[in-house]
$ cat final-v2.csv   # CSV, C-alpha atoms
chain,number,residue,atom,x,y,z
A,61,MET,CA,-6.9,-23.9,8.1
A,62,THR,CA,-5.6,-20.6,6.7
A,63,ASP,CA,-2.0,-21.5,7.5
A,64,LEU,CA,0.5,-20.0,5.0
A,65,SER,CA,3.7,-21.2,6.7
A,66,GLY,CA,6.5,-21.5,4.2
A,67,LYS,CA,4.6,-19.7,1.5
A,68,VAL,CA,5.9,-16.6,-0.3
A,69,ILE,CA,3.3,-14.0,-1.3
A,70,ILE,CA,3.5,-10.8,-3.4
A,71,VAL,CA,0.9,-8.2,-2.5
A,72,THR,CA,0.6,-5.2,-4.7
A,73,GLY,CA,-0.7,-1.9,-3.5
A,74,ALA,CA,0.5,-3.1,-0.1
A,75,ALA,CA,1.8,0.2,1.4
A,76,ARG,CA,-1.6,1.0,2.9
A,77,GLY,CA,-5.3,0.1,3.1
A,78,ILE,CA,-6.5,-3.3,2.0
A,79,GLY,CA,-3.0,-4.3,0.7
A,80,ALA,CA,-1.2,-3.5,3.9
A,81,GLU,CA,-3.8,-5.3,5.9
A,82,THR,CA,-3.5,-8.3,3.6
A,83,ALA,CA,0.3,-8.3,4.1
A,84,ARG,CA,-0.3,-8.2,7.9
A,85,GLU,CA,-2.8,-11.1,7.8
A,86,ALA,CA,-0.5,-13.2,5.6
A,87,ILE,CA,2.5,-12.6,7.9
A,88,ALA,CA,0.3,-13.6,10.9
A,89,ALA,CA,-0.6,-16.8,9.0
A,90,GLY,CA,3.1,-17.6,8.6
A,91,ALA,CA,3.9,-16.3,5.1
A,92,ASN,CA,6.9,-14.4,3.8
A,93,VAL,CA,5.6,-11.3,2.0
A,94,ILE,CA,6.9,-9.0,-0.7
A,95,VAL,CA,5.2,-5.6,-0.1
A,96,ALA,CA,5.0,-4.0,-3.6
A,97,ASP,CA,3.9,-0.5,-4.2
A,98,VAL,CA,4.8,2.8,-5.9
A,99,LEU,CA,4.6,4.5,-2.5
A,100,ALA,CA,8.2,3.9,-1.3
A,101,ASP,CA,8.1,5.7,2.0
A,102,GLU,CA,4.8,4.2,3.1
A,103,GLY,CA,5.8,0.8,1.8
A,104,ALA,CA,9.1,0.9,3.8
A,105,ALA,CA,7.2,1.9,6.9
A,106,THR,CA,4.8,-1.1,6.5
A,107,VAL,CA,7.7,-3.5,6.1
A,108,ALA,CA,9.4,-2.0,9.2
A,109,GLU,CA,6.2,-2.8,11.1
A,110,LEU,CA,5.9,-6.3,9.6
A,111,GLY,CA,9.4,-7.4,10.5
A,112,ASP,CA,12.0,-9.9,9.0
A,113,ARG,CA,9.5,-11.9,6.9
A,114,ALA,CA,8.6,-8.9,4.8
A,115,ARG,CA,10.5,-7.0,2.0
A,116,PHE,CA,9.6,-3.9,0.1
A,117,VAL,CA,9.8,-3.8,-3.7
A,118,ALA,CA,9.0,-0.7,-5.7
A,119,LEU,CA,6.5,-1.7,-8.3
A,120,ASP,CA,4.6,0.2,-11.0
A,121,VAL,CA,2.1,-2.6,-12.1
A,122,THR,CA,2.1,-1.2,-15.6
A,123,SER,CA,5.8,-2.0,-16.1
A,124,GLU,CA,6.8,-5.4,-17.3
A,125,GLN,CA,10.4,-4.8,-16.2
A,126,GLU,CA,9.3,-3.9,-12.6
A,127,TRP,CA,7.1,-7.0,-12.5
A,128,ASP,CA,10.1,-9.2,-13.5
A,129,ALA,CA,12.1,-7.5,-10.8
A,130,ALA,CA,9.4,-8.2,-8.2
A,131,ILE,CA,9.2,-11.9,-9.1
A,132,ALA,CA,13.0,-12.1,-9.0
A,133,ALA,CA,13.1,-10.5,-5.5
A,134,ALA,CA,10.6,-13.0,-4.2
A,135,GLU,CA,12.7,-15.9,-5.4
A,136,ARG,CA,16.0,-14.4,-4.3
A,137,GLU,CA,14.9,-13.2,-0.9
A,138,PHE,CA,12.6,-16.1,0.1
A,139,GLY,CA,13.3,-18.9,-2.4
A,140,GLY,CA,10.2,-19.0,-4.5
A,141,LEU,CA,6.7,-17.7,-5.2
A,142,HIS,CA,3.4,-19.3,-4.1
A,143,GLY,CA,0.9,-16.5,-4.0
A,144,LEU,CA,0.1,-13.2,-5.7
A,145,VAL,CA,-2.5,-10.7,-4.6
A,146,ASN,CA,-3.3,-8.2,-7.4
A,147,ASN,CA,-4.6,-5.4,-5.2
A,148,ALA,CA,-3.1,-2.2,-6.7
A,149,GLY,CA,-5.5,0.1,-8.4
A,150,ILE,CA,-7.0,3.5,-8.6
A,151,SER,CA,-10.6,4.5,-7.9
A,152,THR,CA,-12.5,7.2,-9.8
A,153,GLY,CA,-16.0,8.3,-10.3
A,154,GLN,CA,-17.7,10.5,-13.0
A,155,PRO,CA,-20.4,10.1,-15.7
A,156,PHE,CA,-18.9,8.2,-18.6
A,157,GLU,CA,-20.0,10.9,-21.1
A,158,THR,CA,-17.6,13.4,-19.4
A,159,GLU,CA,-14.7,11.0,-19.0
A,160,THR,CA,-11.8,11.6,-21.4
A,161,PRO,CA,-10.5,8.7,-23.5
A,162,GLU,CA,-7.1,9.4,-21.9
A,163,HIS,CA,-8.4,8.9,-18.4
A,164,PHE,CA,-10.4,5.8,-19.4
A,165,ARG,CA,-7.2,4.2,-20.8
A,166,LYS,CA,-5.2,5.2,-17.7
A,167,VAL,CA,-7.6,3.5,-15.4
A,168,LEU,CA,-7.7,0.3,-17.5
A,169,GLU,CA,-3.9,0.3,-17.8
A,170,ILE,CA,-3.4,0.3,-14.0
A,171,ASN,CA,-6.5,-1.7,-12.9
A,172,LEU,CA,-6.7,-4.3,-15.7
A,173,VAL,CA,-3.5,-4.4,-17.7
A,174,GLY,CA,-1.5,-4.4,-14.4
A,175,VAL,CA,-3.4,-7.5,-13.3
A,176,PHE,CA,-2.7,-9.2,-16.6
A,177,LEU,CA,1.0,-8.4,-16.4
A,178,GLY,CA,1.2,-9.6,-12.8
A,179,MET,CA,-0.4,-12.9,-13.6
A,180,ARG,CA,1.8,-13.4,-16.7
A,181,ALA,CA,4.9,-12.7,-14.8
A,182,ALA,CA,4.0,-14.8,-11.7
A,183,VAL,CA,2.8,-18.0,-13.4
A,184,PRO,CA,6.3,-19.3,-14.5
A,185,ALA,CA,7.6,-18.8,-10.9
A,186,MET,CA,4.6,-20.5,-9.4
A,187,GLN,CA,5.1,-23.4,-11.8
A,188,ARG,CA,8.7,-23.7,-10.6
A,189,ALA,CA,7.4,-23.8,-7.1
A,190,GLY,CA,4.9,-26.6,-7.8
A,191,GLY,CA,1.7,-24.5,-7.9
A,192,GLY,CA,0.2,-21.5,-6.2
A,193,SER,CA,-2.8,-19.2,-5.7
A,194,ILE,CA,-3.6,-15.9,-7.4
A,195,VAL,CA,-6.2,-13.6,-5.9
A,196,ASN,CA,-7.3,-10.6,-8.0
A,197,VAL,CA,-9.0,-7.8,-6.2
A,198,SER,CA,-12.0,-6.7,-8.3
A,199,SER,CA,-14.9,-4.8,-6.7
A,200,ALA,CA,-18.6,-4.9,-6.1
A,201,ALA,CA,-18.5,-2.6,-9.2
A,202,GLY,CA,-17.4,-5.7,-11.1
A,203,LEU,CA,-20.5,-7.5,-10.2
A,204,MET,CA,-23.2,-5.0,-11.0
A,205,GLY,CA,-23.8,-1.8,-13.0
A,206,LEU,CA,-22.8,1.0,-10.7
A,207,ALA,CA,-23.4,4.6,-11.7
A,208,LEU,CA,-20.3,6.9,-12.1
A,209,THR,CA,-17.9,4.0,-12.5
A,210,GLY,CA,-17.4,4.0,-16.3
A,211,SER,CA,-13.6,3.3,-16.4
A,212,TYR,CA,-13.4,1.8,-12.9
A,213,GLY,CA,-16.3,-0.5,-13.3
A,214,ALA,CA,-15.2,-1.6,-16.8
A,215,SER,CA,-11.7,-2.4,-15.4
A,216,LYS,CA,-13.1,-4.4,-12.5
A,217,TRP,CA,-15.5,-6.4,-14.8
A,218,GLY,CA,-12.4,-7.1,-16.9
A,219,VAL,CA,-10.5,-8.3,-13.8
A,220,ARG,CA,-13.5,-10.6,-13.1
A,221,GLY,CA,-13.4,-12.1,-16.6
A,222,LEU,CA,-9.6,-12.4,-16.8
A,223,THR,CA,-9.6,-14.3,-13.5
A,224,LYS,CA,-12.0,-16.9,-14.9
A,225,ILE,CA,-9.9,-17.3,-18.1
A,226,ALA,CA,-6.7,-17.7,-16.1
A,227,ALA,CA,-8.4,-20.2,-13.7
A,228,VAL,CA,-9.4,-22.4,-16.7
A,229,GLU,CA,-5.9,-22.2,-18.3
A,230,GLN,CA,-3.9,-22.7,-15.1
A,231,GLY,CA,-5.8,-25.4,-13.2
A,232,VAL,CA,-3.7,-28.1,-14.8
A,233,ASN,CA,-0.6,-26.4,-13.5
A,234,GLY,CA,-1.8,-26.4,-9.9
A,235,ILE,CA,-2.4,-22.7,-9.9
A,236,ARG,CA,-5.7,-21.5,-8.6
A,237,VAL,CA,-7.1,-18.0,-9.6
A,238,ASN,CA,-10.0,-16.4,-7.8
A,239,SER,CA,-11.4,-12.9,-7.5
A,240,VAL,CA,-12.5,-10.9,-4.4
A,241,HIS,CA,-15.1,-8.2,-4.7
A,242,PRO,CA,-15.0,-5.7,-1.9
A,243,GLY,CA,-17.9,-3.4,-1.3
A,244,MET,CA,-17.4,0.1,0.1
A,245,THR,CA,-14.5,-0.3,2.6
A,246,TYR,CA,-12.9,2.1,5.0
A,247,THR,CA,-9.3,2.9,3.9
A,248,PRO,CA,-7.1,5.9,3.7
A,249,MET,CA,-8.4,6.4,0.2
A,250,THR,CA,-12.1,6.3,1.0
A,251,SER,CA,-11.8,8.2,4.2
A,252,GLY,CA,-10.6,11.1,2.1
A,253,VAL,CA,-14.0,11.3,0.3
A,254,GLY,CA,-16.1,11.2,3.5
A,255,ILE,CA,-16.7,7.5,4.1
A,256,GLN,CA,-17.2,6.9,7.8
A,257,ARG,CA,-17.0,3.7,9.9
A,258,GLY,CA,-19.6,2.3,12.2
A,259,GLU,CA,-23.1,1.0,12.3
A,260,GLY,CA,-25.7,3.0,10.3
A,261,ASN,CA,-23.1,5.0,8.3
A,262,TYR,CA,-23.8,3.2,5.0
A,263,PRO,CA,-27.5,2.3,4.6
A,264,ASN,CA,-26.9,1.2,1.0
A,265,THR,CA,-26.0,-2.3,2.3
A,266,PRO,CA,-28.1,-4.8,4.2
A,267,MET,CA,-25.5,-4.7,7.0
A,268,GLY,CA,-25.8,-0.9,7.2
A,269,ARG,CA,-22.0,-0.2,7.4
A,270,VAL,CA,-18.9,-0.1,5.3
A,271,GLY,CA,-16.3,-2.9,5.5
A,272,GLU,CA,-13.0,-2.8,7.3
A,273,ALA,CA,-9.8,-3.6,5.6
A,274,ASN,CA,-9.1,-6.6,7.8
A,275,GLU,CA,-12.5,-8.2,6.7
A,276,ILE,CA,-11.4,-8.0,3.1
A,277,ALA,CA,-7.9,-9.3,3.9
A,278,ALA,CA,-9.3,-12.3,5.8
A,279,ALA,CA,-11.1,-13.4,2.6
A,280,ILE,CA,-8.0,-12.9,0.5
A,281,VAL,CA,-5.8,-14.9,2.9
A,282,PHE,CA,-8.4,-17.7,2.9
A,283,LEU,CA,-8.2,-17.9,-0.9
A,284,LEU,CA,-4.4,-18.0,-0.7
A,285,SER,CA,-4.4,-20.9,1.7
A,286,ASP,CA,-5.0,-24.6,1.3
A,287,ALA,CA,-8.4,-24.1,3.1
A,288,ALA,CA,-9.6,-23.0,-0.4
A,289,SER,CA,-7.8,-25.8,-2.2
A,290,TYR,CA,-10.8,-26.8,-4.4
A,291,MET,CA,-11.7,-23.2,-5.3
A,292,THR,CA,-10.7,-21.7,-8.6
A,293,GLY,CA,-12.5,-19.3,-10.9
A,294,ALA,CA,-14.7,-18.2,-8.0
A,295,GLU,CA,-15.8,-14.7,-7.3
A,296,LEU,CA,-16.1,-13.9,-3.6
A,297,ALA,CA,-18.2,-10.9,-2.7
A,298,VAL,CA,-17.2,-9.3,0.6
A,299,ASP,CA,-19.6,-6.4,0.5
A,300,GLY,CA,-22.1,-6.5,3.4
A,301,GLY,CA,-24.7,-7.8,1.0
A,302,TRP,CA,-24.5,-4.8,-1.3
A,303,THR,CA,-24.6,-6.8,-4.5
A,304,THR,CA,-27.3,-9.2,-3.2
A,305,GLY,CA,-30.1,-6.7,-3.6
A,306,PRO,CA,-31.8,-3.5,-2.3
A,307,THR,CA,-32.0,-2.9,1.4
A,308,VAL,CA,-35.4,-3.6,2.9
A,309,LYS,CA,-36.3,-2.4,6.4
A,310,TYR,CA,-37.8,-5.4,8.3
A,311,VAL,CA,-38.9,-5.6,11.9
A,312,MET,CA,-39.4,-9.0,13.5
A,313,GLY,CA,-43.1,-9.8,14.0
A,314,GLN,CA,-44.4,-7.3,11.5
$ encode --input "final-v2.csv" --output "structure tokens"
Amino acid sequence: MTDLSGKVIIVTGAARGIGAETAREAIAAGANVIVADVLADEGAATVAELGDRARFVALDVTSEQEWDAAIAAAEREFGGLHGLVNNAGISTGQPFETETPEHFRKVLEINLVGVFLGMRAAVPAMQRAGGGSIVNVSSAAGLMGLALTGSYGASKWGVRGLTKIAAVEQGVNGIRVNSVHPGMTYTPMTSGVGIQRGEGNYPNTPMGRVGEANEIAAAIVFLLSDAASYMTGAELAVDGGWTTGPTVKYVMGQ
């Protein structure tokens, strides 16, 4: 049901972490993938691992010109564009009263304006291909008020809203637009701040652990595929129940 055979997908922030895992899952499902990132060496290594159905494109998501080049590469290398995963972003945490306006603007420029530019660039190519699917990676921080995420949370709430607006506008063009909201996930970025894998290592969630990149990628690939053909404007939380409510310790029979 999650067959992507013949589809051409661009994944941003695909050199490592959730983006790289999404590229792997999409390739496994039959897609051709443009691995887009500012990290050239890591992006090239990911493409070398993925094989002939992957290409690396250098992409700063805040650059209109580089977005145009990425779309052109998809059409030139693989003959069209059917899917876009807006995954690239930066994570940051501090009280909003200590955050500088310059830093706030930088986070929004990458995390929100970059998504806008990507969708705007991709839609004409998807229309030429007869339709497509856009998956915007927001966050659990885009579903709830989360302390110390002033700029990051604002950007991810913005991605959530922009997704719904694009879904309404592009439905008539056969383009579906959905958002995925990962909870805390083990990646190279989060491991650097002490996040650990395994049961019991993240008691903030009902499932008691952080997510794995492949678990987020599986949800993204589902939304890219025809298995989600009647889904648009949806927000899919893949967060171990984090945004559902506070964890309650319960023992059967008590």
$ closest_residue --input "final-v2.csv" --among "A:Ala96, A:Ile255, A:Met244, A:Ile87" --to "Trp127 in chain A" --atoms "all atoms listed in the file"
A:Ala96
$ closest_residue --input "final-v2.csv" --among "A:Thr160, A:Asn238, A:Asn233, A:Asn146" --to "Val183 in chain A" --atoms "only C-alpha atoms"
A:Asn233
$ closest_residue --input "final-v2.csv" --among "A:Gly140, A:Gly221, A:Gly77, A:Gly210" --to "Gly192 in chain A" --atoms "all atoms listed in the file"
A:Gly140
$ closest_atom_pairs --input "final-v2.csv" --of "range 118-145 of chain A" --to "range 285-292 of chain A" --cutoff "12 Å" --atoms "all atoms listed in the file" --output "tab-separated table"
residue	atom	partner	partner_atom	distance
A:His142	CA	A:Ser285	CA	9.9
A:Gly143	CA	A:Ser285	CA	8.9
A:Leu144	CA	A:Ser285	CA	11.6
$ residues_around --input "final-v2.csv" --residues "Leu203 in chain A" --least-positions-apart "4" --cutoff "10 Å" --atoms "all atoms listed in the file" --output "number ranges by chain"
A: 198-199, 213, 216-217, 220, 241, 295, 297, 303-304
$ build_atoms --input "final-v2.csv" --residues "range 279-290 of chain A" --atoms "all heavy atoms" --output "PDB file, keeping the file's coordinate frame"
ATOM      1  N   ALA A 279     -10.617 -12.616   3.741  1.00  0.00           N
ATOM      2  CA  ALA A 279     -11.100 -13.400   2.600  1.00  0.00           C
ATOM      3  C   ALA A 279      -9.966 -13.686   1.627  1.00  0.00           C
ATOM      4  O   ALA A 279      -9.880 -14.778   1.051  1.00  0.00           O
ATOM      5  CB  ALA A 279     -12.216 -12.625   1.890  1.00  0.00           C
ATOM      6  N   ILE A 280      -9.090 -12.714   1.423  1.00  0.00           N
ATOM      7  CA  ILE A 280      -8.000 -12.900   0.500  1.00  0.00           C
ATOM      8  C   ILE A 280      -7.025 -13.993   1.038  1.00  0.00           C
ATOM      9  O   ILE A 280      -6.600 -14.885   0.285  1.00  0.00           O
ATOM     10  CB  ILE A 280      -7.195 -11.579   0.333  1.00  0.00           C
ATOM     11  CG1 ILE A 280      -8.067 -10.557  -0.411  1.00  0.00           C
ATOM     12  CG2 ILE A 280      -5.882 -11.803  -0.411  1.00  0.00           C
ATOM     13  CD1 ILE A 280      -7.511  -9.155  -0.437  1.00  0.00           C
ATOM     14  N   VAL A 281      -6.700 -13.937   2.332  1.00  0.00           N
ATOM     15  CA  VAL A 281      -5.800 -14.900   2.900  1.00  0.00           C
ATOM     16  C   VAL A 281      -6.434 -16.322   2.855  1.00  0.00           C
ATOM     17  O   VAL A 281      -5.742 -17.322   2.602  1.00  0.00           O
ATOM     18  CB  VAL A 281      -5.433 -14.529   4.365  1.00  0.00           C
ATOM     19  CG1 VAL A 281      -4.726 -15.672   5.091  1.00  0.00           C
ATOM     20  CG2 VAL A 281      -4.544 -13.289   4.343  1.00  0.00           C
ATOM     21  N   PHE A 282      -7.731 -16.407   3.063  1.00  0.00           N
ATOM     22  CA  PHE A 282      -8.400 -17.700   2.900  1.00  0.00           C
ATOM     23  C   PHE A 282      -8.198 -18.259   1.502  1.00  0.00           C
ATOM     24  O   PHE A 282      -7.851 -19.431   1.345  1.00  0.00           O
ATOM     25  CB  PHE A 282      -9.916 -17.509   3.161  1.00  0.00           C
ATOM     26  CG  PHE A 282     -10.783 -18.629   2.640  1.00  0.00           C
ATOM     27  CD1 PHE A 282     -10.755 -19.889   3.223  1.00  0.00           C
ATOM     28  CD2 PHE A 282     -11.614 -18.428   1.541  1.00  0.00           C
ATOM     29  CE1 PHE A 282     -11.540 -20.932   2.732  1.00  0.00           C
ATOM     30  CE2 PHE A 282     -12.399 -19.451   1.043  1.00  0.00           C
ATOM     31  CZ  PHE A 282     -12.368 -20.709   1.636  1.00  0.00           C
ATOM     32  N   LEU A 283      -8.354 -17.435   0.477  1.00  0.00           N
ATOM     33  CA  LEU A 283      -8.200 -17.900  -0.900  1.00  0.00           C
ATOM     34  C   LEU A 283      -6.733 -18.273  -1.204  1.00  0.00           C
ATOM     35  O   LEU A 283      -6.460 -19.142  -2.047  1.00  0.00           O
ATOM     36  CB  LEU A 283      -8.695 -16.880  -1.891  1.00  0.00           C
ATOM     37  CG  LEU A 283     -10.216 -16.702  -1.937  1.00  0.00           C
ATOM     38  CD1 LEU A 283     -10.596 -15.521  -2.819  1.00  0.00           C
ATOM     39  CD2 LEU A 283     -10.913 -17.977  -2.425  1.00  0.00           C
ATOM     40  N   LEU A 284      -5.793 -17.613  -0.544  1.00  0.00           N
ATOM     41  CA  LEU A 284      -4.400 -18.000  -0.700  1.00  0.00           C
ATOM     42  C   LEU A 284      -4.045 -19.312  -0.112  1.00  0.00           C
ATOM     43  O   LEU A 284      -3.120 -19.997  -0.561  1.00  0.00           O
ATOM     44  CB  LEU A 284      -3.486 -16.902  -0.076  1.00  0.00           C
ATOM     45  CG  LEU A 284      -3.397 -15.539  -0.753  1.00  0.00           C
ATOM     46  CD1 LEU A 284      -2.667 -14.552   0.152  1.00  0.00           C
ATOM     47  CD2 LEU A 284      -2.700 -15.629  -2.109  1.00  0.00           C
ATOM     48  N   SER A 285      -4.792 -19.701   0.903  1.00  0.00           N
ATOM     49  CA  SER A 285      -4.400 -20.900   1.700  1.00  0.00           C
ATOM     50  C   SER A 285      -5.013 -22.162   1.154  1.00  0.00           C
ATOM     51  O   SER A 285      -5.885 -22.172   0.294  1.00  0.00           O
ATOM     52  CB  SER A 285      -4.944 -20.669   3.144  1.00  0.00           C
ATOM     53  OG  SER A 285      -6.350 -20.911   3.210  1.00  0.00           O
ATOM     54  N   ASP A 286      -4.525 -23.265   1.728  1.00  0.00           N
ATOM     55  CA  ASP A 286      -5.000 -24.600   1.300  1.00  0.00           C
ATOM     56  C   ASP A 286      -6.447 -24.832   1.805  1.00  0.00           C
ATOM     57  O   ASP A 286      -7.073 -25.811   1.389  1.00  0.00           O
ATOM     58  CB  ASP A 286      -4.098 -25.675   1.892  1.00  0.00           C
ATOM     59  CG  ASP A 286      -2.746 -25.692   1.188  1.00  0.00           C
ATOM     60  OD1 ASP A 286      -2.642 -25.117   0.084  1.00  0.00           O
ATOM     61  OD2 ASP A 286      -1.788 -26.254   1.762  1.00  0.00           O
ATOM     62  N   ALA A 287      -6.973 -23.957   2.662  1.00  0.00           N
ATOM     63  CA  ALA A 287      -8.400 -24.100   3.100  1.00  0.00           C
ATOM     64  C   ALA A 287      -9.297 -23.880   1.850  1.00  0.00           C
ATOM     65  O   ALA A 287     -10.440 -24.334   1.861  1.00  0.00           O
ATOM     66  CB  ALA A 287      -8.718 -23.051   4.135  1.00  0.00           C
ATOM     67  N   ALA A 288      -8.781 -23.220   0.813  1.00  0.00           N
ATOM     68  CA  ALA A 288      -9.600 -23.000  -0.400  1.00  0.00           C
ATOM     69  C   ALA A 288      -9.019 -23.850  -1.564  1.00  0.00           C
ATOM     70  O   ALA A 288      -9.108 -23.469  -2.733  1.00  0.00           O
ATOM     71  CB  ALA A 288      -9.498 -21.513  -0.796  1.00  0.00           C
ATOM     72  N   SER A 289      -8.499 -25.020  -1.236  1.00  0.00           N
ATOM     73  CA  SER A 289      -7.800 -25.800  -2.200  1.00  0.00           C
ATOM     74  C   SER A 289      -8.625 -26.314  -3.400  1.00  0.00           C
ATOM     75  O   SER A 289      -8.086 -26.673  -4.446  1.00  0.00           O
ATOM     76  CB  SER A 289      -7.150 -27.057  -1.530  1.00  0.00           C
ATOM     77  OG  SER A 289      -8.157 -27.840  -0.901  1.00  0.00           O
ATOM     78  N   TYR A 290      -9.954 -26.315  -3.257  1.00  0.00           N
ATOM     79  CA  TYR A 290     -10.800 -26.800  -4.400  1.00  0.00           C
ATOM     80  C   TYR A 290     -11.598 -25.574  -4.949  1.00  0.00           C
ATOM     81  O   TYR A 290     -12.631 -25.755  -5.580  1.00  0.00           O
ATOM     82  CB  TYR A 290     -11.763 -27.862  -3.907  1.00  0.00           C
ATOM     83  CG  TYR A 290     -12.358 -28.673  -5.046  1.00  0.00           C
ATOM     84  CD1 TYR A 290     -11.545 -29.237  -6.030  1.00  0.00           C
ATOM     85  CD2 TYR A 290     -13.728 -28.890  -5.135  1.00  0.00           C
ATOM     86  CE1 TYR A 290     -12.089 -29.974  -7.070  1.00  0.00           C
ATOM     87  CE2 TYR A 290     -14.283 -29.632  -6.172  1.00  0.00           C
ATOM     88  CZ  TYR A 290     -13.451 -30.168  -7.136  1.00  0.00           C
ATOM     89  OH  TYR A 290     -13.992 -30.907  -8.161  1.00  0.00           O
TER      90      TYR A 290
END
